[in-house]
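What follows is one structure encoded as structure tokens, with my remarks underneath.
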Amino acid sequence: MYDEQQQPEHGPLAGFTVGVTAARRADELGALLQRRGAAVLHAPALRIVPLSDDSELLAATKEIIQRTPDVVVATTAIGFRGWIEAADGWGLGEDLLARLREVELLARGPKVKGAVRAAGLTEDWSPSSESMAEVLDRLLEEGVDGRRIAIQLHGEPLPGFVEALREGGAEVLGVPVYRWLPPEDIGPVDRLLDATVSRAVDALTFTSAPAAASLLSRAEERGLLPEVLAALNHDVLPACVGPVTALPLQARGIDTVQPERFRLGPLVQLLCQELPGRARSLPIAGHQVEIRGHAVLVDGALRPVPPAGMSLLRALSRRPGWVVSRAELLRALPGAGRDEHAVETAMARLRTALGAPKLIQTVVKRGYRLALDPAADAKYSDA
């Protein structure tokens with residue numbers, strides 16, 4: 001019998017496959033997930049225009065130097081640092097810093113404040129909440145009519161922010177740090193979409209709104225959008241680093257999960273809670289069996305299972321203890337055709353993979369059933 005005190009050697013995400021759509025910091029996120037046992041499918045849904053090649057950023061920088069704004073809002077640490085470094089590369093670094101010393105400089109949160117100070121500047125104000133809404137409230141309270149406000153953009157939408165400032169009478173200049181374009185190689189994105197539709201991934205992670213929008217746009221181009229939305233609404237968990245990132249998904253009616261702190265670490269910890277919580281756990285033939293994405297825990301031991309075997313096991317677990325016919329199991333097998341012998345072959349491999357053949361009983365001339373423990377059998381029979 002399974003010893004509940006036994007410490008498993010696998011991580012909390014073992015047996016699950018997680019899709020990563022990030023372009024930036026994808027290696028870090030992938031490593032965090034793999035360290036906790038997940039299999040990772042990486043498909044950058046966009047690419048970032050190199051700052052040194054970005055003509056729009058160069059034009060905005062020159063405009064700030066030539067016409068000093070009243071206010072500059074720094075929104076991300078990496079974006080602010082990249083902007084200063086790009087200006088240095090263009091020979092405009094000192095001129096830009098000189099202008100930034102003359103303006104009211106607002107920094108969204110502690111990390112941005114650190115980047116501002118590392119550049120030898122001092123912010124006039126920074127909200128403790130890291131909220132752009134709080135920055136907007138401060139600006140509107142000060143009054144923005146007739147003021148020129150530059151905002152360091154970073155590829156994320158700022159819903160209502162620029163519009164509210166313009167309605168208040170401000171002239172708004174966007175400084176487009178990190179613009180997104182579609183990936184040069186669309187192959188990985190297509191493979192991730194196919195895996196989502198076929199439920200070969202258990203979760204998709206999003207760390208930027210443009211990545212979410214890009215993935216959905218590609219699904220629409222391929223005619224897969226309804227199937228992708230259906231997967232994300234039911235079987236594949238969409239996990240976003242924060243509410244702004246979730247906007248393109250929510251606009252399509254998809255509910256997402258988000259950590260309380262908008263960081264990669266908390267995002268991974270959230271998956272460590274959510275995915276095991278979705279796994280089906282059943283007492284079968286004296287064993288505790290937990291059915292995960294592409295593996296099964298049998299008494300706490302991780303048993304990788306081939307895709308065909310997982311399809312059969314899920315079909316059996318939908319009605320635990322009930323007999324499922326070979327014909328129905330054949331329909332559950334991807335690409336199996338019409339030969340019921342394919343069910344017997346896949347079932348034999350499944351039993352071998354589980355390491356406990358008695359978990360699945362053969363019912364002669366009828367099909368197969370999970371050998372649910374008697375007490376549980378009664379429970380599921382009443383359901």
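Chain identifiers are assigned as A, B, and so on, following the order in which chains appear in the structure tokens; residues are numbered from 1 within each chain, and ligands are numbered from 1 in order of appearance.
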
Shell of 8 Å around Leu215 of chain A, only C-alpha atoms, local chain residues under 5 positions omitted, as a ChimeraX atom specification: /A:45,189,193

Test item, strand (DSSP E or B) assignment across segment 28-59 of chain A, answer as an NGL selection string: :A and (39-42 or 47-48)

What are the DSSP alpha helix (DSSP H) residues of segment 13-138 of chain A, as a PyMOL selection string? chain A and resi 26-35+55-66+77-89+93-100+110-118+132-138

Skipping near chain neighbours, those fewer than 2 positions away, what residues fall within 12 Å of Arg35 of chain A using only C-alpha atoms, listed as a ChimeraX atom specification? /A:9-14,27-33,37-40,265,268-269,272

File dump, residues just selected, N, CA, C and O atoms, as a PDB file, in the first residue's frame:
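Dumped everything to result-v7.pdb:
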ATOM      1  N   GLU A   9      10.448  11.268  -5.090  1.00  0.00           N
ATOM      2  CA  GLU A   9      11.702  11.771  -5.631  1.00  0.00           C
ATOM      3  C   GLU A   9      11.450  12.730  -6.790  1.00  0.00           C
ATOM      4  O   GLU A   9      12.328  13.477  -7.173  1.00  0.00           O
ATOM      5  N   HIS A  10      10.258  12.694  -7.344  1.00  0.00           N
ATOM      6  CA  HIS A  10       9.940  13.544  -8.480  1.00  0.00           C
ATOM      7  C   HIS A  10       9.442  14.904  -7.980  1.00  0.00           C
ATOM      8  O   HIS A  10       9.047  15.062  -6.834  1.00  0.00           O
ATOM      9  N   GLY A  11       9.447  15.886  -8.879  1.00  0.00           N
ATOM     10  CA  GLY A  11       8.958  17.211  -8.523  1.00  0.00           C
ATOM     11  C   GLY A  11       7.449  17.304  -8.645  1.00  0.00           C
ATOM     12  O   GLY A  11       6.796  16.413  -9.190  1.00  0.00           O
ATOM     13  N   PRO A  12       6.864  18.389  -8.158  1.00  0.00           N
ATOM     14  CA  PRO A  12       5.406  18.528  -8.183  1.00  0.00           C
ATOM     15  C   PRO A  12       4.817  18.601  -9.587  1.00  0.00           C
ATOM     16  O   PRO A  12       3.636  18.333  -9.774  1.00  0.00           O
ATOM     17  N   LEU A  13       5.643  18.951 -10.585  1.00  0.00           N
ATOM     18  CA  LEU A  13       5.142  19.039 -11.957  1.00  0.00           C
ATOM     19  C   LEU A  13       5.522  17.820 -12.805  1.00  0.00           C
ATOM     20  O   LEU A  13       5.312  17.827 -14.015  1.00  0.00           O
ATOM     21  N   ALA A  14       6.066  16.802 -12.173  1.00  0.00           N
ATOM     22  CA  ALA A  14       6.419  15.593 -12.918  1.00  0.00           C
ATOM     23  C   ALA A  14       5.173  14.998 -13.559  1.00  0.00           C
ATOM     24  O   ALA A  14       4.114  14.917 -12.939  1.00  0.00           O
ATOM     25  N   ASP A  27      14.543  30.864 -21.111  1.00  0.00           N
ATOM     26  CA  ASP A  27      15.441  29.863 -20.525  1.00  0.00           C
ATOM     27  C   ASP A  27      15.256  29.797 -19.018  1.00  0.00           C
ATOM     28  O   ASP A  27      15.241  28.708 -18.429  1.00  0.00           O
ATOM     29  N   GLU A  28      15.105  30.956 -18.402  1.00  0.00           N
ATOM     30  CA  GLU A  28      14.921  30.995 -16.944  1.00  0.00           C
ATOM     31  C   GLU A  28      13.613  30.323 -16.548  1.00  0.00           C
ATOM     32  O   GLU A  28      13.576  29.510 -15.617  1.00  0.00           O
ATOM     33  N   LEU A  29      12.532  30.646 -17.258  1.00  0.00           N
ATOM     34  CA  LEU A  29      11.241  30.036 -16.948  1.00  0.00           C
ATOM     35  C   LEU A  29      11.277  28.537 -17.202  1.00  0.00           C
ATOM     36  O   LEU A  29      10.794  27.741 -16.381  1.00  0.00           O
ATOM     37  N   GLY A  30      11.876  28.132 -18.331  1.00  0.00           N
ATOM     38  CA  GLY A  30      11.972  26.704 -18.637  1.00  0.00           C
ATOM     39  C   GLY A  30      12.750  25.943 -17.577  1.00  0.00           C
ATOM     40  O   GLY A  30      12.356  24.834 -17.180  1.00  0.00           O
ATOM     41  N   ALA A  31      13.840  26.536 -17.099  1.00  0.00           N
ATOM     42  CA  ALA A  31      14.656  25.880 -16.069  1.00  0.00           C
ATOM     43  C   ALA A  31      13.875  25.729 -14.769  1.00  0.00           C
ATOM     44  O   ALA A  31      13.943  24.681 -14.097  1.00  0.00           O
ATOM     45  N   LEU A  32      13.114  26.752 -14.400  1.00  0.00           N
ATOM     46  CA  LEU A  32      12.297  26.676 -13.176  1.00  0.00           C
ATOM     47  C   LEU A  32      11.267  25.552 -13.275  1.00  0.00           C
ATOM     48  O   LEU A  32      11.030  24.825 -12.314  1.00  0.00           O
ATOM     49  N   LEU A  33      10.663  25.422 -14.444  1.00  0.00           N
ATOM     50  CA  LEU A  33       9.656  24.377 -14.640  1.00  0.00           C
ATOM     51  C   LEU A  33      10.286  22.981 -14.639  1.00  0.00           C
ATOM     52  O   LEU A  33       9.775  22.051 -13.994  1.00  0.00           O
ATOM     53  N   GLY A  37      10.151  19.211 -12.364  1.00  0.00           N
ATOM     54  CA  GLY A  37       9.736  17.952 -12.977  1.00  0.00           C
ATOM     55  C   GLY A  37       8.963  18.063 -14.266  1.00  0.00           C
ATOM     56  O   GLY A  37       8.649  17.044 -14.880  1.00  0.00           O
ATOM     57  N   ALA A  38       8.630  19.255 -14.717  1.00  0.00           N
ATOM     58  CA  ALA A  38       7.801  19.399 -15.922  1.00  0.00           C
ATOM     59  C   ALA A  38       8.608  19.128 -17.183  1.00  0.00           C
ATOM     60  O   ALA A  38       9.815  19.370 -17.238  1.00  0.00           O
ATOM     61  N   ALA A  39       7.923  18.635 -18.199  1.00  0.00           N
ATOM     62  CA  ALA A  39       8.469  18.640 -19.558  1.00  0.00           C
ATOM     63  C   ALA A  39       8.063  19.985 -20.175  1.00  0.00           C
ATOM     64  O   ALA A  39       6.942  20.448 -19.965  1.00  0.00           O
ATOM     65  N   VAL A  40       8.972  20.616 -20.892  1.00  0.00           N
ATOM     66  CA  VAL A  40       8.730  21.968 -21.404  1.00  0.00           C
ATOM     67  C   VAL A  40       8.732  21.959 -22.926  1.00  0.00           C
ATOM     68  O   VAL A  40       9.629  21.381 -23.555  1.00  0.00           O
ATOM     69  N   GLY A 265       8.878  33.273 -10.627  1.00  0.00           N
ATOM     70  CA  GLY A 265       8.864  32.300  -9.526  1.00  0.00           C
ATOM     71  C   GLY A 265       7.457  32.007  -9.027  1.00  0.00           C
ATOM     72  O   GLY A 265       7.041  30.829  -8.961  1.00  0.00           O
ATOM     73  N   VAL A 268       5.445  29.916 -11.496  1.00  0.00           N
ATOM     74  CA  VAL A 268       5.770  28.484 -11.460  1.00  0.00           C
ATOM     75  C   VAL A 268       5.154  27.832 -10.222  1.00  0.00           C
ATOM     76  O   VAL A 268       4.606  26.721 -10.293  1.00  0.00           O
ATOM     77  N   GLN A 269       5.215  28.521  -9.079  1.00  0.00           N
ATOM     78  CA  GLN A 269       4.611  27.972  -7.860  1.00  0.00           C
ATOM     79  C   GLN A 269       3.102  27.784  -8.032  1.00  0.00           C
ATOM     80  O   GLN A 269       2.525  26.811  -7.532  1.00  0.00           O
ATOM     81  N   CYS A 272       2.557  24.671  -9.814  1.00  0.00           N
ATOM     82  CA  CYS A 272       2.814  23.537  -8.910  1.00  0.00           C
ATOM     83  C   CYS A 272       1.596  23.220  -8.045  1.00  0.00           C
ATOM     84  O   CYS A 272       1.435  22.092  -7.570  1.00  0.00           O
TER      85      CYS A 272
END

When you count only C-alpha atoms, which of these residues is closest to Trp90 of chain A: A:Ala279, A:Leu58, A:Ala118, A:Leu370?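 Among A:Ala279, A:Leu58, A:Ala118, A:Leu370, it is A:Leu58 that comes nearest to Trp90 of chain A.
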
Spatial neighbours of Arg261 of chain A, 9 Å, only C-alpha atoms, chain gap at least 5 places, as number ranges by chain: A: 241-242, 266-267

With all heavy atoms retained, export the selected residues as a JSON list (two decimals), in the first residue's frame.
[["chain", "number", "residue", "atom", "x", "y", "z"],
["A", 241, "VAL", "N", 1.44, 35.75, -16.17],
["A", 241, "VAL", "CA", 2.25, 36.33, -15.11],
["A", 241, "VAL", "C", 1.52, 37.47, -14.41],
["A", 241, "VAL", "O", 1.85, 37.80, -13.27],
["A", 241, "VAL", "CB", 3.62, 36.79, -15.66],
["A", 241, "VAL", "CG1", 3.50, 38.10, -16.41],
["A", 241, "VAL", "CG2", 4.67, 36.88, -14.56],
["A", 242, "GLY", "N", 0.52, 38.05, -15.06],
["A", 242, "GLY", "CA", -0.22, 39.14, -14.43],
["A", 242, "GLY", "C", -1.44, 39.52, -15.24],
["A", 242, "GLY", "O", -1.67, 38.99, -16.34],
["A", 266, "PRO", "N", 6.69, 33.04, -8.66],
["A", 266, "PRO", "CA", 5.30, 32.80, -8.23],
["A", 266, "PRO", "C", 4.43, 32.16, -9.32],
["A", 266, "PRO", "O", 3.53, 31.38, -9.01],
["A", 266, "PRO", "CB", 4.80, 34.20, -7.87],
["A", 266, "PRO", "CG", 6.03, 34.95, -7.47],
["A", 266, "PRO", "CD", 7.11, 34.42, -8.37],
["A", 267, "LEU", "N", 4.72, 32.46, -10.59],
["A", 267, "LEU", "CA", 3.97, 31.83, -11.69],
["A", 267, "LEU", "C", 4.20, 30.32, -11.68],
["A", 267, "LEU", "O", 3.25, 29.53, -11.81],
["A", 267, "LEU", "CB", 4.40, 32.43, -13.02],
["A", 267, "LEU", "CG", 3.77, 31.82, -14.29],
["A", 267, "LEU", "CD1", 2.26, 32.06, -14.32],
["A", 267, "LEU", "CD2", 4.42, 32.38, -15.55]]

Nearby residues (only C-alpha atoms) at most 9 Å from Leu237 of chain A, same-chain spacing under 6 positions excluded, as a list in words: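 Within the cut-off, the hits are Val201, Asp202, Ala203, Leu204, Thr205, Ala231, Thr256, Val257, Leu271, Glu274 and Leu275 of chain A.
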
Kindly indicate which residue among A:Cys240, A:Val305, A:Val175, A:Ala26 lies nearest to Leu350 of chain A, using only C-alpha atoms for the distances.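 Of the candidates, the smallest distance to Leu350 of chain A is held by A:Val305.
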
Using only C-alpha atoms: which of A:Glu290, A:Ile284, A:Leu97, A:Leu165 has the shortest distance to Pro374 of chain A: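 Checking each of A:Glu290, A:Ile284, A:Leu97, A:Leu165 against Pro374 of chain A, counting only C-alpha atoms, the winner is A:Ile284.
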
Which residues come within 10 Å of Arg366 of chain A, counting only C-alpha atoms, excluding same-chain residues fewer than 3 positions away, as an mmCIF file with N, CA, C and O atoms, in the first residue's frame?
data_model
loop_
_atom_site.group_PDB
_atom_site.id
_atom_site.type_symbol
_atom_site.label_atom_id
_atom_site.label_comp_id
_atom_site.auth_asym_id
_atom_site.auth_seq_id
_atom_site.Cartn_x
_atom_site.Cartn_y
_atom_site.Cartn_z
ATOM 1 N N VAL A 323 -17.192 -1.025 -17.213
ATOM 2 C CA VAL A 323 -16.582 -1.646 -18.386
ATOM 3 C C VAL A 323 -16.687 -0.690 -19.578
ATOM 4 O O VAL A 323 -17.760 -0.145 -19.850
ATOM 5 N N VAL A 324 -15.551 -0.511 -20.259
ATOM 6 C CA VAL A 324 -15.519 0.320 -21.469
ATOM 7 C C VAL A 324 -15.211 -0.611 -22.639
ATOM 8 O O VAL A 324 -14.235 -1.372 -22.599
ATOM 9 N N SER A 325 -16.033 -0.576 -23.648
ATOM 10 C CA SER A 325 -15.906 -1.523 -24.763
ATOM 11 C C SER A 325 -14.657 -1.248 -25.594
ATOM 12 O O SER A 325 -14.136 -0.124 -25.606
ATOM 13 N N ARG A 326 -14.219 -2.265 -26.303
ATOM 14 C CA ARG A 326 -13.062 -2.094 -27.193
ATOM 15 C C ARG A 326 -13.361 -1.043 -28.271
ATOM 16 O O ARG A 326 -12.495 -0.277 -28.662
ATOM 17 N N ALA A 327 -14.596 -1.047 -28.770
ATOM 18 C CA ALA A 327 -14.954 -0.085 -29.817
ATOM 19 C C ALA A 327 -14.823 1.352 -29.309
ATOM 20 O O ALA A 327 -14.319 2.242 -30.013
ATOM 21 N N THR A 362 -9.395 -7.221 -17.703
ATOM 22 C CA THR A 362 -10.033 -7.580 -18.972
ATOM 23 C C THR A 362 -11.365 -8.248 -18.670
ATOM 24 O O THR A 362 -11.426 -9.189 -17.869
ATOM 25 N N VAL A 363 -12.431 -7.763 -19.253
ATOM 26 C CA VAL A 363 -13.756 -8.376 -19.099
ATOM 27 C C VAL A 363 -14.070 -9.066 -20.425
ATOM 28 O O VAL A 363 -14.287 -8.414 -21.456
ATOM 29 N N ARG A 369 -11.897 -2.604 -17.703
ATOM 30 C CA ARG A 369 -12.326 -1.709 -16.622
ATOM 31 C C ARG A 369 -11.179 -1.487 -15.666
ATOM 32 O O ARG A 369 -10.274 -2.336 -15.549
#

Atom CA of Pro357 of chain A and atom CA of Asp339 of chain A are how many Å apart? 23.1 Å

Name the closest residue to Arg303 of chain A among the candidates A:Arg319, A:Arg351, A:Arg101, A:Arg263; distances are taken between atoms, counting only C-alpha atoms. A:Arg351

Excluding same-chain residues fewer than 2 positions from Glu142 of chain A, what lies within 12 Å of it counting only C-alpha atoms, as JSON, numbers by chain? {"A": [71, 104, 135, 136, 137, 138, 139, 140, 144, 145, 146, 147, 165, 168, 170]}

With C-alpha atoms retained, could you export that selection as an mmCIF file, in the first residue's frame?
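result07.cif was written with the following content:
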data_model
loop_
_atom_site.group_PDB
_atom_site.id
_atom_site.type_symbol
_atom_site.label_atom_id
_atom_site.label_comp_id
_atom_site.auth_asym_id
_atom_site.auth_seq_id
_atom_site.Cartn_x
_atom_site.Cartn_y
_atom_site.Cartn_z
ATOM 1 C CA VAL A 71 7.248 64.317 -17.372
ATOM 2 C CA GLU A 104 9.664 65.119 -13.503
ATOM 3 C CA VAL A 135 0.859 56.537 -11.647
ATOM 4 C CA LEU A 136 -2.096 57.674 -13.749
ATOM 5 C CA ASP A 137 -4.010 58.853 -10.670
ATOM 6 C CA ARG A 138 -1.042 60.963 -9.545
ATOM 7 C CA LEU A 139 -0.622 62.572 -12.964
ATOM 8 C CA LEU A 140 -4.327 63.396 -13.270
ATOM 9 C CA VAL A 144 -1.925 67.240 -17.252
ATOM 10 C CA ASP A 145 -3.566 69.889 -19.424
ATOM 11 C CA GLY A 146 -0.936 71.361 -21.744
ATOM 12 C CA ARG A 147 1.839 69.144 -20.362
ATOM 13 C CA LEU A 165 -3.862 61.493 -20.356
ATOM 14 C CA GLY A 168 -6.948 65.406 -19.772
ATOM 15 C CA ALA A 170 -1.734 66.157 -22.310
#
